[in-house]
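Working notes, structure below.
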Amino acid sequence: MIGLLAIDWIFILEKLILIVSIVSISLVIAMYETYAERKVAAVMQDRRGPNRAGPFGILQPLADGLKLFMKEEIIPNTSNKLLFIIGPCMAMLTAMMTSAVIPWGGKIHFTLFGLDRWVSLQIADINIGILYIFGVVSMGVYGIMIGGWASNNKFSLIAAMRGASQVISYELPMGISLIALLLLTGSLKMSTIVAGQLDTWYYVLYQPLGFFIFLICSFAECNRTPFDLPEAENELNFGYHQEYSSMKLGFYLFAEYINMFISSAVMVTLFWGGYDIPFIHDGDLAKSIGYNWLAVLEGLSLFIKVALFIFAFMWVRWTIPRFRYDQLMNLGWKKLIPLSLINMIITALLVLLKENGWRF
Amino acid sequence: MSILERLYVWNIAIGMWITLKHIFKRKATISYPEQKREFSPVFRGLQILNRDEDGRENCTACGLCAVACPAEAITMEAAERQPGEEHLYREEKYAAKYEINMLRCIFCGLCEEACPKDAVYLSETFAPSNYQRKGFIYGKKDLLIPHPKEDPEAYQKALGSRTKNKEMQV
C-alpha cells in the first residue's frame with residue numbers, strides 16, 4: 001500500500017495524456033497529409049485536386065478511410081498468415097514509437113490540488129534520444145521485410161530486399177552526418193540539442209552539408225519518391241504491399257505518412273531549432289505572455305516548420321523521377337558516405353582547434 | 001555528362017523551380033456540374049422531335065431519317081391520323097413509335113439533313129449517363145420538344161439557338 005502511494009500518480013496521468021494526445025495528433029496529421037499530398041500533386045500538375053467531400057474537400061481523408069475499411073480483406077492462401085498480419089502492425093508501431101523522444105514545446109506550468117507542477121511537452125526525455133530514434137527507425141524496415149516475405153510473392157520479396165538494402169545503405173551516411181552534429185551539441189539528449197539552439201543560431205548554419213545529407217537519407221528512410229524502390233509501381237506492382245488489401249494496406253500507407261511527419265519533426269528538432277520561435281527571444285516573450293502561452297506558441301512554431309518540411313517531401317515527390325537501383329546504391333555508397341565522412345572530419349578538426357584556443 | 005549534371009543537385013533544383021511555378025498557374029479544369037463549358041454554335045447533341053407553333057408534331061414518319069442514319073439508330077412505326085387528332089399532328093400520317101438508340105447514335109446530323117418536315121433536330125444537350133442499356137433507347141416521350149403553348153419557356157430552351165439559326169437560314 002505504501003509502495004502504491006509512493007508512485008507519482010499525477011506524473012503517470014500527465015504522461016498518459018501526453019501520449020494519447022501526441023498519438024492522436026500524429027494520426028490526424030497523417031490523415032491530412034494524404035489530403036495535402038493529393039492537393040499538392042494537383043496544383044503542381046495544374047489540376048484542382050479533391051474538392052467534392054466537404055468544403056474544399058477536407059472530408060476526403062475520412063471518405064478514403066471509410067473506403068479502405070469497407071474493402072474486402074484478402075489473405076492469400078500461400079502466405080504466412082501470422083507474419084502477414086504482423087507486417088503492417090510492425091510498420092505502424094515503429095512509425096508511432098519515434099514520436100516519444102521529440103520535444104513538442106517548452107514547459108507548461110499549472111497548479112492542481114495545490115500541487116505546483118512544471119510539465120515538459122516531451123513524452124520521454126531520455127539521455128540517448130537520438131540513438132533511440134535510430135534504433136526504432138531501423139526496426140521500421142522489418143515492417144516492409146516481413147510484409148514482403150509473408151506475401152509469398154516474388155515481386156513483394158524483391159521489394160522487401162530492396163527496402164532492406166536501401167535502408168541499411170542510407171542509415172550509414174545518416175549516422176555519420178549526425179556524428180558531426182553531435183560533436184557540436186556534445187549530447188544525445190533531444191532537449192539539450194533544442195536548448196543549444198534556443199535564441200541563437202540553428203545548427204543548420206553550422207552543419208549545412210550535414211543537414212543536406214540527413215535530408216536525402218531521411219527521404220530514403222521514408223521510402224519517398226526519388227527512393228521509393230520498395231513500392232515501385234511500374235516495375236514491382238506496388239512491391240511489398242502488393243498482396244495487401246483493406247485496412248492492412250491502409251496501415252502501410254498510413255505508416256509511410258506518419259514516418260514522413262516524424263522524420264520532418266526530427267529534422268526540425270536537430271537542425272532547425274526545434275520548437276524555438278525564430279527571430280524572437282523566447283525568454284523575453286515568456287515574461288510578457290506567461291510560460292503556458294509561450295509553450296503553445298512554441299508548439300505552433302514547431303508544427304509550422306514541420307509542415308514546411310512535409311511540403312518539401314511532397315514537392316520533391318512530384319518533381320523527381322525514381323532512381324534506378326544501381327544509381328541509388330551509387331549515390332548512397334560512393335557519394336553520400338565519402339561526403340559525410342569529409343564533413344565529419346572537418347567538423348571534428350574545427351571543434352578540436354576551437355577547444356585549443358583558436359579563434360575563428 | 002558534365003560535372004554539374006553528374007551532381008544531380010543542380011538539375012533537381014531546376015526541376016523543383018519548374019514545379020513550384022506551376023502552383024501559381026491558372027487551372028485548366030472546369031468544375032463540371034457548377035460550371036459548364038459553352039458549346040460551339042455547330043455543336044450537335046441529343047435529338048429533339050420538333051412541333052410547330054400550334055404544338056402539333058411535325059413528323060410524318062416518312063422514314064428518311066432512318067434511311068439516312070449510318071449507325072441505324074432510328075426505328076419508327078407510322079400510324080394514320082384519326083379525325084379529331086388534328087390538334088396533335090400536322091399531317092395525315094404520324095410516328096406512333098419513334099426510337100433512337102443513343103448508344104448507336106454517332107451524332108452526325110444526317111437525320112436532320114434528311115428530314116423534309118423540319119421534325120428532327122440535334123439540340124445543344126447530350127444524352128446523360130444511365131445505369132442500363134435500356135435507358136439509352138430514347139422514345140417519343142424523351143425526344144419530343146415541350147409544348148410551345150402549354151410550356152413556352154421550356155420550349156424555347158429546348159429549341160436552343162441552333163434551331164433558331166437554322167430557321168433564319170431557311
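Letters for chains follow the order of the C-alpha cells (A, B, ...), residue numbers begin at 1 for each chain, and ligand numbers begin at 1 in the order shown.
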Within 9 Å of chain A: residues of chain B, using only C-alpha atoms, as a ChimeraX atom specification: /B:12,15-16,18-29,31
Residues of chain B in helix (DSSP H, G or I), written as a VMD selection string: chain B and resid 3 to 6 9 to 23 64 to 68 110 to 114 134 to 136 140 to 143 152 to 169
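Shortest atom-to-atom contact with Lys334 of chain A among A:Leu13, A:Leu172, A:Met96, A:Ala91: A:Leu172, counting only C-alpha atoms.
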Residue set, segment 110-145 of chain A restricted to strand (DSSP E or B), as JSON, numbers by chain: {"A": [110, 111, 112, 115, 116, 117, 118, 119, 120]}
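Contact shell of Ser264 of chain A at 8 Å (only C-alpha atoms; same-chain neighbours under 2 positions omitted): Met260, Phe261, Ile262, Val266, Met267, Val268, Val306, Phe309 and Ile310 of chain A.
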Could you save the residues just selected, with C-alpha atoms, as an mmCIF file, in the first residue's frame?
data_model
loop_
_atom_site.group_PDB
_atom_site.id
_atom_site.type_symbol
_atom_site.label_atom_id
_atom_site.label_comp_id
_atom_site.auth_asym_id
_atom_site.auth_seq_id
_atom_site.Cartn_x
_atom_site.Cartn_y
_atom_site.Cartn_z
ATOM 1 C CA MET A 260 7.152 11.459 -43.028
ATOM 2 C CA PHE A 261 5.705 13.577 -40.217
ATOM 3 C CA ILE A 262 8.071 12.167 -37.595
ATOM 4 C CA VAL A 266 13.303 15.016 -36.141
ATOM 5 C CA MET A 267 14.956 17.164 -38.793
ATOM 6 C CA VAL A 268 13.401 20.312 -37.354
ATOM 7 C CA VAL A 306 7.231 20.547 -39.769
ATOM 8 C CA PHE A 309 9.222 20.065 -44.379
ATOM 9 C CA ILE A 310 6.235 17.896 -45.249
#
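Of the residues listed (B:Lys117, B:Gly109, B:Leu143, B:Ser123), B:Ser123 shows the shortest atom-to-atom separation from Pro41 of chain B; distances use only C-alpha atoms.
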Of the listed residues A:Gly210, A:Pro50, A:Gly196, A:Gly290, that which approaches Asp276 of chain A most closely, counting only C-alpha atoms: A:Gly196
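Reported to one decimal place, the separation of atom CA of Glu99 of chain B from atom CA of Arg81 of chain B is 19.2 Å.
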